[in-house]
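Pasting input-v3.pdb here (PDB, C-alpha atoms):
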```
ATOM      1  CA  MET A   1     144.143 195.608  30.301
ATOM      2  CA  ALA A   2     146.050 197.915  28.021
ATOM      3  CA  ASP A   3     146.351 200.589  30.767
ATOM      4  CA  GLN A   4     148.085 198.252  33.165
ATOM      5  CA  PRO A   5     151.903 198.390  33.287
ATOM      6  CA  THR A   6     153.560 195.616  31.430
ATOM      7  CA  ASP A   7     155.526 193.099  33.462
ATOM      8  CA  ASN A   8     158.420 192.490  31.067
ATOM      9  CA  ALA A   9     161.627 190.520  31.618
ATOM     10  CA  SER A  10     163.902 193.537  32.198
ATOM     11  CA  SER A  11     161.767 194.963  35.020
ATOM     12  CA  ARG A  12     161.571 191.492  36.573
ATOM     13  CA  GLY A  13     165.372 191.370  36.540
ATOM     14  CA  PHE A  14     165.696 194.620  38.491
ATOM     15  CA  ARG A  15     163.098 193.659  41.150
ATOM     16  CA  PRO A  16     165.560 192.141  43.690
ATOM     17  CA  LEU A  17     167.718 195.262  43.442
ATOM     18  CA  GLY A  18     164.666 197.461  43.958
ATOM     19  CA  GLY A  19     163.629 195.503  47.074
ATOM     20  CA  LEU A  20     167.148 195.733  48.434
ATOM     21  CA  GLY A  21     167.249 199.476  47.820
ATOM     22  CA  GLY A  22     163.880 199.961  49.517
ATOM     23  CA  ARG A  23     164.950 198.014  52.585
ATOM     24  CA  ALA A  24     168.216 199.932  52.799
ATOM     25  CA  ALA A  25     166.407 203.261  52.492
ATOM     26  CA  ALA A  26     163.895 202.241  55.177
ATOM     27  CA  ALA A  27     166.707 201.167  57.509
ATOM     28  CA  THR A  28     168.545 204.454  56.955
ATOM     29  CA  LEU A  29     165.447 206.573  57.472
ATOM     30  CA  ARG A  30     164.053 204.633  60.471
ATOM     31  CA  PRO A  31     165.858 206.681  63.181
ATOM     32  CA  PHE A  32     164.579 209.893  61.554
ATOM     33  CA  THR A  33     160.995 208.660  61.215
ATOM     34  CA  ASP A  34     161.031 207.335  64.815
ATOM     35  CA  ALA A  35     162.368 210.638  66.098
ATOM     36  CA  ALA A  36     159.760 212.518  64.040
ATOM     37  CA  ALA A  37     156.965 210.306  65.434
ATOM     38  CA  VAL A  38     158.123 210.943  69.014
ATOM     39  CA  GLU A  39     158.335 214.677  68.334
ATOM     40  CA  LEU A  40     154.872 214.698  66.778
ATOM     41  CA  GLU A  41     153.420 212.804  69.736
ATOM     42  CA  THR A  42     155.010 215.236  72.202
ATOM     43  CA  LEU A  43     153.783 218.169  70.159
ATOM     44  CA  LEU A  44     150.216 216.830  70.077
ATOM     45  CA  ALA A  45     150.241 216.044  73.791
ATOM     46  CA  THR A  46     151.537 219.519  74.618
ATOM     47  CA  ALA A  47     148.986 221.118  72.318
ATOM     48  CA  LEU A  48     146.083 219.149  73.826
ATOM     49  CA  GLU A  49     147.218 219.819  77.392
ATOM     50  CA  SER A  50     147.723 223.535  76.808
ATOM     51  CA  GLU A  51     145.246 225.799  78.538
ATOM     52  CA  HIS A  52     144.482 227.731  75.341
ATOM     53  CA  MET A  53     143.554 224.592  73.478
ATOM     54  CA  GLN A  54     141.407 223.311  76.374
ATOM     55  CA  ARG A  55     139.612 226.628  76.600
ATOM     56  CA  GLY A  56     139.108 226.640  72.824
ATOM     57  CA  ILE A  57     137.612 223.139  72.790
ATOM     58  CA  ARG A  58     135.387 223.933  75.774
ATOM     59  CA  GLY A  59     134.287 227.160  74.090
ATOM     60  CA  ALA A  60     133.515 225.339  70.854
ATOM     61  CA  PHE A  61     131.358 222.779  72.681
ATOM     62  CA  GLU A  62     129.570 225.383  74.756
ATOM     63  CA  SER A  63     128.976 227.797  71.888
ATOM     64  CA  ASP A  64     125.670 227.982  70.049
ATOM     65  CA  GLY A  65     127.416 226.822  66.903
ATOM     66  CA  GLY A  66     128.671 223.675  68.628
ATOM     67  CA  ARG A  67     125.264 222.863  70.027
ATOM     68  CA  GLN A  68     123.695 223.507  66.646
ATOM     69  CA  LEU A  69     126.235 221.145  65.072
ATOM     70  CA  VAL A  70     125.318 218.365  67.523
ATOM     71  CA  ALA A  71     121.591 219.023  67.006
ATOM     72  CA  ASP A  72     122.059 218.973  63.209
ATOM     73  CA  PHE A  73     123.925 215.677  63.460
ATOM     74  CA  PHE A  74     121.050 214.004  65.340
ATOM     75  CA  ASP A  75     118.362 215.717  63.222
ATOM     76  CA  SER A  76     120.010 214.642  59.994
ATOM     77  CA  GLY A  77     119.079 211.008  60.725
ATOM     78  CA  LEU A  78     122.688 209.865  60.379
ATOM     79  CA  PHE A  79     122.731 208.588  63.919
ATOM     80  CA  ASP A  80     119.404 206.761  63.473
ATOM     81  CA  GLU A  81     120.696 205.157  60.326
ATOM     82  CA  PHE A  82     123.894 204.149  62.110
ATOM     83  CA  VAL A  83     121.913 202.513  64.928
ATOM     84  CA  GLU A  84     119.556 200.796  62.462
ATOM     85  CA  ARG A  85     122.436 199.380  60.484
ATOM     86  CA  LEU A  86     124.201 198.319  63.651
ATOM     87  CA  LEU A  87     121.106 196.476  64.886
ATOM     88  CA  ALA A  88     120.601 194.875  61.471
ATOM     89  CA  SER A  89     124.156 193.571  61.283
ATOM     90  CA  PRO A  90     124.495 189.870  62.154
ATOM     91  CA  ALA A  91     128.009 190.546  63.471
ATOM     92  CA  LEU A  92     126.594 192.577  66.365
ATOM     93  CA  TRP A  93     124.246 189.778  67.439
ATOM     94  CA  HIS A  94     127.054 187.284  67.072
ATOM     95  CA  LEU A  95     129.110 189.470  69.399
ATOM     96  CA  VAL A  96     126.199 189.730  71.856
ATOM     97  CA  ASP A  97     125.750 185.938  71.801
ATOM     98  CA  GLU A  98     129.455 185.405  72.349
ATOM     99  CA  VAL A  99     129.506 187.789  75.301
ATOM    100  CA  ALA A 100     126.341 186.308  76.815
ATOM    101  CA  ASP A 101     127.687 182.757  76.474
ATOM    102  CA  SER A 102     131.133 183.520  77.844
ATOM    103  CA  PRO A 103     131.873 181.738  81.136
ATOM    104  CA  ALA A 104     133.088 184.953  82.755
ATOM    105  CA  VAL A 105     129.779 186.729  82.131
ATOM    106  CA  THR A 106     127.721 183.692  83.215
ATOM    107  CA  ALA A 107     129.777 183.377  86.390
ATOM    108  CA  ALA A 108     129.377 187.085  87.098
ATOM    109  CA  ILE A 109     125.582 186.918  86.640
ATOM    110  CA  THR A 110     125.344 183.803  88.850
ATOM    111  CA  GLN A 111     127.483 185.474  91.488
ATOM    112  CA  GLN A 112     125.299 188.549  91.347
ATOM    113  CA  GLY A 113     122.131 186.438  91.690
ATOM    114  CA  LEU A 114     123.522 184.464  94.617
ATOM    115  CA  GLY A 115     124.716 187.627  96.281
ATOM    116  CA  PHE A 116     121.258 189.132  95.957
ATOM    117  CA  ALA A 117     119.564 185.993  97.330
ATOM    118  CA  ASP A 118     122.005 185.978 100.245
ATOM    119  CA  GLN A 119     121.258 189.613 100.939
ATOM    120  CA  VAL A 120     117.491 189.008 100.909
ATOM    121  CA  THR A 121     117.645 185.939 103.169
ATOM    122  CA  GLY A 122     120.049 187.734 105.499
ATOM    123  CA  GLU A 123     117.602 190.595 105.867
ATOM    124  CA  VAL A 124     114.691 188.181 106.434
ATOM    125  CA  ARG A 125     116.719 186.380 109.122
ATOM    126  CA  ARG A 126     117.593 189.620 110.871
ATOM    127  CA  ARG A 127     113.975 190.773 110.891
ATOM    128  CA  THR A 128     112.547 187.464 112.089
ATOM    129  CA  ARG A 129     115.100 187.345 114.952
ATOM    130  CA  ARG A 130     113.995 190.832 115.964
ATOM    131  CA  ALA A 131     110.329 189.779 115.685
ATOM    132  CA  ASP A 132     111.100 186.767 117.933
ATOM    133  CA  ALA A 133     112.423 189.018 120.661
ATOM    134  CA  TRP A 134     109.576 191.511 120.293
ATOM    135  CA  LEU A 135     106.891 188.811 120.422
ATOM    136  CA  GLU A 136     108.473 187.212 123.461
ATOM    137  CA  ARG A 137     108.667 190.483 125.327
ATOM    138  CA  ALA A 138     104.991 191.116 124.507
ATOM    139  CA  ALA A 139     104.048 187.606 125.687
ATOM    140  CA  GLN A 140     106.072 187.940 128.875
ATOM    141  CA  ARG A 141     104.190 191.114 129.785
ATOM    142  CA  LEU A 142     101.018 189.021 130.013
ATOM    143  CA  LEU A 143     102.522 186.859 132.753
ATOM    144  CA  PRO A 144     102.803 187.766 136.443
ATOM    145  CA  ARG A 145     106.234 189.261 137.215
ATOM    146  CA  ARG A 146     107.565 186.232 139.112
ATOM    147  CA  TRP A 147     106.881 183.878 136.173
ATOM    148  CA  ARG A 148     108.599 185.995 133.569
ATOM    149  CA  THR A 149     111.647 184.706 131.705
ATOM    150  CA  ALA A 150     112.181 187.683 129.399
ATOM    151  CA  ASP A 151     115.770 188.073 130.556
ATOM    152  CA  ALA A 152     116.544 184.648 129.162
ATOM    153  CA  ALA A 153     115.040 185.620 125.811
ATOM    154  CA  ASP A 154     117.196 188.741 125.705
ATOM    155  CA  GLU A 155     120.265 186.691 126.589
ATOM    156  CA  ALA A 156     119.421 184.287 123.764
ATOM    157  CA  HIS A 157     119.434 187.129 121.240
ATOM    158  CA  PRO A 158     121.029 190.257 122.588
ATOM    159  CA  GLU A 159     121.297 192.027 119.235
ATOM    160  CA  ALA A 160     117.773 191.049 118.143
ATOM    161  CA  SER A 161     116.165 192.663 121.187
ATOM    162  CA  ARG A 162     117.793 196.026 120.473
TER
ATOM    163  CA  MET B   1     124.935 172.959 125.489
ATOM    164  CA  SER B   2     127.260 175.922 125.991
ATOM    165  CA  ALA B   3     126.241 179.248 127.478
ATOM    166  CA  GLN B   4     126.838 180.805 124.041
ATOM    167  CA  THR B   5     124.040 178.748 122.439
ATOM    168  CA  ARG B   6     121.293 180.878 120.970
ATOM    169  CA  TYR B   7     117.814 179.414 120.981
ATOM    170  CA  ILE B   8     115.436 180.308 118.186
ATOM    171  CA  GLY B   9     112.035 181.886 118.670
ATOM    172  CA  LEU B  10     108.590 181.395 117.224
ATOM    173  CA  VAL B  11     108.617 183.753 114.210
ATOM    174  CA  THR B  12     111.840 182.397 112.707
ATOM    175  CA  ARG B  13     110.568 178.852 113.150
ATOM    176  CA  ILE B  14     107.251 179.692 111.486
ATOM    177  CA  VAL B  15     109.063 181.187 108.468
ATOM    178  CA  ALA B  16     111.308 178.109 108.212
ATOM    179  CA  PHE B  17     108.270 175.826 108.456
ATOM    180  CA  ALA B  18     106.469 177.821 105.753
ATOM    181  CA  LEU B  19     109.441 177.368 103.418
ATOM    182  CA  ASP B  20     109.487 173.627 104.121
ATOM    183  CA  ALA B  21     105.734 173.400 103.564
ATOM    184  CA  ALA B  22     106.215 175.113 100.190
ATOM    185  CA  VAL B  23     108.895 172.579  99.188
ATOM    186  CA  ILE B  24     106.845 169.587 100.389
ATOM    187  CA  ASN B  25     103.656 170.709  98.671
ATOM    188  CA  LEU B  26     105.407 171.685  95.445
ATOM    189  CA  VAL B  27     106.960 168.235  95.138
ATOM    190  CA  ALA B  28     103.657 166.565  96.084
ATOM    191  CA  LEU B  29     101.806 168.671  93.536
ATOM    192  CA  LEU B  30     104.220 167.782  90.720
ATOM    193  CA  VAL B  31     104.112 164.079  91.577
ATOM    194  CA  SER B  32     100.289 163.996  91.831
ATOM    195  CA  LEU B  33     100.046 165.878  88.535
ATOM    196  CA  GLY B  34     102.270 163.302  86.836
ATOM    197  CA  ALA B  35     100.362 160.410  88.382
ATOM    198  CA  SER B  36      96.973 161.816  87.373
ATOM    199  CA  LEU B  37      98.223 162.404  83.809
ATOM    200  CA  ILE B  38      99.378 158.799  83.570
ATOM    201  CA  LEU B  39      96.129 157.498  85.076
ATOM    202  CA  SER B  40      94.074 159.605  82.650
ATOM    203  CA  LEU B  41      95.265 157.292  79.869
ATOM    204  CA  PHE B  42      93.514 154.315  81.496
ATOM    205  CA  HIS B  43      89.925 153.644  82.372
ATOM    206  CA  VAL B  44      89.703 153.620  86.188
ATOM    207  CA  ASP B  45      86.414 152.749  87.887
ATOM    208  CA  HIS B  46      85.089 154.621  90.943
ATOM    209  CA  VAL B  47      86.161 152.106  93.571
ATOM    210  CA  LEU B  48      89.721 152.001  92.308
ATOM    211  CA  LYS B  49      89.736 155.801  92.133
ATOM    212  CA  ASP B  50      88.802 155.999  95.820
ATOM    213  CA  VAL B  51      91.514 153.507  96.689
ATOM    214  CA  LEU B  52      94.072 155.539  94.737
ATOM    215  CA  VAL B  53      93.055 158.714  96.541
ATOM    216  CA  VAL B  54      93.578 156.991  99.892
ATOM    217  CA  VAL B  55      96.947 155.640  98.723
ATOM    218  CA  GLY B  56      97.900 159.137  97.556
ATOM    219  CA  GLY B  57      96.992 160.565 100.967
ATOM    220  CA  VAL B  58      99.070 157.936 102.768
ATOM    221  CA  VAL B  59     102.013 158.567 100.442
ATOM    222  CA  TYR B  60     101.734 162.301 101.130
ATOM    223  CA  VAL B  61     101.821 161.757 104.894
ATOM    224  CA  VAL B  62     104.759 159.353 104.599
ATOM    225  CA  TRP B  63     106.622 161.797 102.338
ATOM    226  CA  THR B  64     106.081 164.635 104.807
ATOM    227  CA  ILE B  65     107.270 162.599 107.791
ATOM    228  CA  ALA B  66     110.223 161.200 105.828
ATOM    229  CA  TYR B  67     111.238 164.720 104.772
ATOM    230  CA  PHE B  68     111.461 166.032 108.316
ATOM    231  CA  VAL B  69     112.873 162.878 109.916
ATOM    232  CA  THR B  70     115.577 162.498 107.266
ATOM    233  CA  PHE B  71     116.767 166.079 107.510
ATOM    234  CA  TRP B  72     116.614 166.261 111.317
ATOM    235  CA  CYS B  73     118.552 162.998 111.681
ATOM    236  CA  THR B  74     121.226 163.746 109.094
ATOM    237  CA  THR B  75     122.077 167.430 108.922
ATOM    238  CA  GLY B  76     119.779 168.631 111.710
ATOM    239  CA  GLU B  77     118.248 171.188 109.404
ATOM    240  CA  THR B  78     115.613 171.059 106.689
ATOM    241  CA  PRO B  79     116.070 173.302 103.615
ATOM    242  CA  GLY B  80     113.753 175.906 105.183
ATOM    243  CA  GLU B  81     115.741 175.804 108.408
ATOM    244  CA  ARG B  82     118.946 176.031 106.419
ATOM    245  CA  VAL B  83     117.746 179.262 104.822
ATOM    246  CA  MET B  84     116.894 180.653 108.254
ATOM    247  CA  ARG B  85     120.185 179.295 109.702
ATOM    248  CA  ILE B  86     118.578 177.256 112.462
ATOM    249  CA  ARG B  87     119.131 173.659 113.524
ATOM    250  CA  VAL B  88     117.337 170.999 115.549
ATOM    251  CA  VAL B  89     119.573 169.147 117.991
ATOM    252  CA  ALA B  90     119.055 166.939 121.034
ATOM    253  CA  SER B  91     119.024 168.711 124.405
ATOM    254  CA  ASN B  92     122.618 167.633 125.049
ATOM    255  CA  GLY B  93     123.769 169.032 121.664
ATOM    256  CA  ASP B  94     124.017 165.672 119.858
ATOM    257  CA  ARG B  95     122.345 164.805 116.586
ATOM    258  CA  VAL B  96     118.656 163.854 116.841
ATOM    259  CA  LYS B  97     118.077 160.094 116.687
ATOM    260  CA  PRO B  98     115.463 158.759 114.217
ATOM    261  CA  ARG B  99     113.012 157.640 116.905
ATOM    262  CA  TRP B 100     113.141 161.052 118.583
ATOM    263  CA  ALA B 101     112.686 162.705 115.199
ATOM    264  CA  LEU B 102     109.530 160.607 114.742
ATOM    265  CA  VAL B 103     108.370 161.624 118.219
ATOM    266  CA  ARG B 104     109.019 165.251 117.277
ATOM    267  CA  CYS B 105     106.820 164.859 114.174
ATOM    268  CA  ALA B 106     104.020 163.460 116.331
ATOM    269  CA  GLY B 107     104.634 166.263 118.815
ATOM    270  CA  ALA B 108     104.283 168.834 116.039
ATOM    271  CA  VAL B 109     100.810 167.506 115.256
ATOM    272  CA  LEU B 110      99.883 167.340 118.957
ATOM    273  CA  SER B 111     101.085 170.921 119.441
ATOM    274  CA  ALA B 112      98.840 172.120 116.654
ATOM    275  CA  LEU B 113      95.702 170.308 117.882
ATOM    276  CA  PRO B 114      94.780 172.604 120.819
ATOM    277  CA  LEU B 115      94.674 175.756 118.636
ATOM    278  CA  PHE B 116      98.488 175.742 118.318
ATOM    279  CA  ALA B 117      98.856 176.186 122.073
ATOM    280  CA  GLY B 118     101.765 173.742 122.025
ATOM    281  CA  TYR B 119     103.737 176.209 119.945
ATOM    282  CA  LEU B 120     102.892 179.153 122.208
ATOM    283  CA  LEU B 121     105.052 177.535 124.879
ATOM    284  CA  ILE B 122     108.050 178.741 122.837
ATOM    285  CA  LEU B 123     107.235 182.279 123.947
ATOM    286  CA  PHE B 124     107.443 181.417 127.629
ATOM    287  CA  ASP B 125     110.137 178.747 127.868
ATOM    288  CA  ARG B 126     113.641 179.752 128.922
ATOM    289  CA  ARG B 127     115.164 177.634 126.142
ATOM    290  CA  ARG B 128     112.409 178.509 123.695
ATOM    291  CA  ARG B 129     111.024 174.975 123.538
ATOM    292  CA  GLY B 130     107.548 174.131 122.294
ATOM    293  CA  LEU B 131     105.587 171.036 123.239
ATOM    294  CA  LEU B 132     107.183 169.139 120.326
ATOM    295  CA  ASP B 133     110.654 169.977 121.662
ATOM    296  CA  ILE B 134     109.767 168.973 125.211
ATOM    297  CA  VAL B 135     108.376 165.556 124.216
ATOM    298  CA  ALA B 136     111.247 164.842 121.792
ATOM    299  CA  ARG B 137     113.961 166.283 124.100
ATOM    300  CA  THR B 138     115.238 168.647 121.437
ATOM    301  CA  VAL B 139     116.075 172.328 121.142
ATOM    302  CA  VAL B 140     116.255 174.610 118.126
ATOM    303  CA  ILE B 141     119.470 176.582 118.013
ATOM    304  CA  GLU B 142     121.211 178.987 115.699
ATOM    305  CA  SER B 143     123.176 177.099 113.096
ATOM    306  CA  PRO B 144     126.809 177.920 112.390
ATOM    307  CA  THR B 145     127.666 179.146 108.896
ATOM    308  CA  LEU B 146     129.157 175.741 108.026
ATOM    309  CA  SER B 147     126.771 172.835 107.514
ATOM    310  CA  LEU B 148     127.195 169.590 109.483
ATOM    311  CA  ALA B 149     128.387 167.870 106.304
ATOM    312  CA  ALA B 150     131.045 170.542 105.775
ATOM    313  CA  ILE B 151     132.192 170.257 109.416
ATOM    314  CA  ARG B 152     132.386 166.469 109.067
ATOM    315  CA  ARG B 153     134.339 166.833 105.812
ATOM    316  CA  GLN B 154     136.788 169.217 107.495
ATOM    317  CA  ARG B 155     137.240 166.820 110.433
ATOM    318  CA  ARG B 156     137.850 163.889 108.055
ATOM    319  CA  ARG B 157     140.461 165.868 106.128
ATOM    320  CA  ALA B 158     142.229 166.840 109.348
ATOM    321  CA  GLU B 159     142.272 163.197 110.473
ATOM    322  CA  GLN B 160     143.648 162.086 107.108
ATOM    323  CA  ALA B 161     146.357 164.721 107.265
ATOM    324  CA  LEU B 162     147.251 163.628 110.804
ATOM    325  CA  ARG B 163     147.331 159.959 109.765
ATOM    326  CA  SER B 164     149.518 160.640 106.714
ATOM    327  CA  SER B 165     151.943 162.687 108.797
ATOM    328  CA  HIS B 166     152.129 159.816 111.342
ATOM    329  CA  SER B 167     152.796 157.227 108.638
ATOM    330  CA  GLY B 168     155.468 159.501 107.180
ATOM    331  CA  ASP B 169     157.172 159.729 110.571
ATOM    332  CA  GLU B 170     157.120 155.937 111.019
ATOM    333  CA  ARG B 171     158.567 155.411 107.548
ATOM    334  CA  GLY B 172     161.309 157.940 108.259
ATOM    335  CA  ALA B 173     162.124 156.212 111.553
ATOM    336  CA  SER B 174     162.369 152.750 109.890
ATOM    337  CA  VAL B 175     164.645 154.165 107.167
ATOM    338  CA  SER B 176     166.941 155.738 109.755
ATOM    339  CA  GLN B 177     167.061 152.439 111.735
ATOM    340  CA  ALA B 178     168.011 150.517 108.565
TER
END
```

Re-express the file's structure as structure tokens.
Amino acid sequence: MADQPTDNASSRGFRPLGGLGGRAAAATLRPFTDAAAVELETLLATALESEHMQRGIRGAFESDGGRQLVADFFDSGLFDEFVERLLASPALWHLVDEVADSPAVTAAITQQGLGFADQVTGEVRRRTRRADAWLERAAQRLLPRRWRTADAADEAHPEASR
Amino acid sequence: MSAQTRYIGLVTRIVAFALDAAVINLVALLVSLGASLILSLFHVDHVLKDVLVVVGGVVYVVWTIAYFVTFWCTTGETPGERVMRIRVVASNGDRVKPRWALVRCAGAVLSALPLFAGYLLILFDRRRRGLLDIVARTVVIESPTLSLAAIRRQRRRAEQALRSSHSGDERGASVSQA
């Protein structure tokens, strides 16, 4: 308690002036800080887009040292610990529950399921129509030529007989 | 029936019938399971048990006939036929009447009696009709994507829209006369 600065009456009296001064200084410096931020952003973008930098990063990743660094990271057990802690955290499972219960996800899963069922039944329909035509052609071959009605079957399902 | 009508062959109809049989038997199985569980709570003597078995058999037959007749008379397609996109209609394209649906059910049994020869007629008939279709004066055709109920709903909406536009015109005319 003794180390903490004392909050006496005189300092309390100067506080509004201090706040005013701070705001004024911030307002005066804002154009400079904004300009500096824009410059810094441009500088970083240029540096990252430059061919030298790209080549350097690629070289670092492809070098033995880079690979060793990645291998050391996974061997150190840091990643395992991170995953273990993540799985142990209730917040993660809360997030998973929220996502699973969200109407958008449910609708997407339902849509996916219906789409799949439609696809399966569509394929079954196509195959059975083809089997109809095939079976009829086979049956018609058993009949004498003048009794055959295979043409009618083909007319009934032109695409199935192909 | 128009020249564009596509008649449905034997394999598609067998698959549709298999799906319907699965639905019918699944429901029957669940109901009989429930009934037997309830009856297991009471002491039932042998005679009554036999009577209940007979009643159960009759109920099963009635349920099966009711299933097909109801669907053929209302939408023209059972759930199995809906999946296979096929529909039973009268030879002139109208909806099947209840008595003809009953005749078709009887025809289905008759077709199966001589080693399913009644169904083999589908392979040789120009309109792909089996014995059951010939006796009930029906054909099995490819169903449009929209169900009969959806078509009816669309027609009703169109009629309502037409009627409301007519009434609006009459009201406008009376206002202009006044």

Got a sec: who's within 12 Å of B:Trp72, counting all atoms listed in the file, leaving out chain neighbours fewer than 4 positions off, as a PDB file with C-alpha atoms, in the coordinates of the input?
```
ATOM      1  CA  ILE B  65     107.270 162.599 107.791  1.00  0.00           C
ATOM      2  CA  ALA B  66     110.223 161.200 105.828  1.00  0.00           C
ATOM      3  CA  TYR B  67     111.238 164.720 104.772  1.00  0.00           C
ATOM      4  CA  PHE B  68     111.461 166.032 108.316  1.00  0.00           C
ATOM      5  CA  GLY B  76     119.779 168.631 111.710  1.00  0.00           C
ATOM      6  CA  GLU B  77     118.248 171.188 109.404  1.00  0.00           C
ATOM      7  CA  THR B  78     115.613 171.059 106.689  1.00  0.00           C
ATOM      8  CA  PRO B  79     116.070 173.302 103.615  1.00  0.00           C
ATOM      9  CA  GLY B  80     113.753 175.906 105.183  1.00  0.00           C
ATOM     10  CA  GLU B  81     115.741 175.804 108.408  1.00  0.00           C
ATOM     11  CA  ARG B  82     118.946 176.031 106.419  1.00  0.00           C
ATOM     12  CA  ILE B  86     118.578 177.256 112.462  1.00  0.00           C
ATOM     13  CA  ARG B  87     119.131 173.659 113.524  1.00  0.00           C
ATOM     14  CA  VAL B  88     117.337 170.999 115.549  1.00  0.00           C
ATOM     15  CA  VAL B  89     119.573 169.147 117.991  1.00  0.00           C
ATOM     16  CA  ALA B  90     119.055 166.939 121.034  1.00  0.00           C
ATOM     17  CA  ASP B  94     124.017 165.672 119.858  1.00  0.00           C
ATOM     18  CA  ARG B  95     122.345 164.805 116.586  1.00  0.00           C
ATOM     19  CA  VAL B  96     118.656 163.854 116.841  1.00  0.00           C
ATOM     20  CA  LYS B  97     118.077 160.094 116.687  1.00  0.00           C
ATOM     21  CA  PRO B  98     115.463 158.759 114.217  1.00  0.00           C
ATOM     22  CA  ARG B  99     113.012 157.640 116.905  1.00  0.00           C
ATOM     23  CA  TRP B 100     113.141 161.052 118.583  1.00  0.00           C
ATOM     24  CA  ALA B 101     112.686 162.705 115.199  1.00  0.00           C
ATOM     25  CA  LEU B 102     109.530 160.607 114.742  1.00  0.00           C
ATOM     26  CA  VAL B 103     108.370 161.624 118.219  1.00  0.00           C
ATOM     27  CA  ARG B 104     109.019 165.251 117.277  1.00  0.00           C
ATOM     28  CA  CYS B 105     106.820 164.859 114.174  1.00  0.00           C
ATOM     29  CA  ALA B 136     111.247 164.842 121.792  1.00  0.00           C
ATOM     30  CA  THR B 138     115.238 168.647 121.437  1.00  0.00           C
ATOM     31  CA  VAL B 139     116.075 172.328 121.142  1.00  0.00           C
ATOM     32  CA  VAL B 140     116.255 174.610 118.126  1.00  0.00           C
ATOM     33  CA  LEU B 148     127.195 169.590 109.483  1.00  0.00           C
TER      34      LEU B 148
END
```

Work out how far apart atom CA of B:Leu110 and atom CA of B:Leu131 are and give it in Å to one decimal.
8.0 Å

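The space separating atom CA of B:Gln4 from atom CA of B:Leu120 comes to 24.1 Å.
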
Dump as CSV the rows for residues of chain B within 7 Å of chain A: closest atom pair and distance in Å with one decimal, only C-alpha atoms counted, ordered by chain and rising residue number.
```
residue,atom,partner,partner_atom,distance
B:Arg6,CA,A:Ala156,CA,4.8
B:Tyr7,CA,A:Ala156,CA,5.8
B:Gly9,CA,A:Asp132,CA,5.0
B:Leu10,CA,A:Asp132,CA,6.0
B:Val11,CA,A:Asp132,CA,5.4
B:Thr12,CA,A:Thr128,CA,5.2
B:Val83,CA,A:Thr121,CA,6.9
B:Met84,CA,A:Arg125,CA,5.8
B:Leu123,CA,A:Glu136,CA,5.1
B:Phe124,CA,A:Thr149,CA,6.7
B:Arg126,CA,A:Ala152,CA,5.7
```

Using atom CA of A:Asp72 and atom CA of A:Ser89 as the two end points, give the distance in Å to one decimal.
25.6 Å

Could you check which residues have any atom within 12 Å of (101.1, 172.7, 116.2), counting all atoms listed in the file with coordinates taken straight from the file, and then list them as an MDAnalysis selection string?
chainID B and resid 10 13:14 17 104:122 130:133

Expand the PyMOL selection byres ((chain B and resi 55-57) around 12) into the explicit residue set it covers here, and present it as a PyMOL selection string.
chain B and resi 28-29+31-33+35-36+48-54+58-64
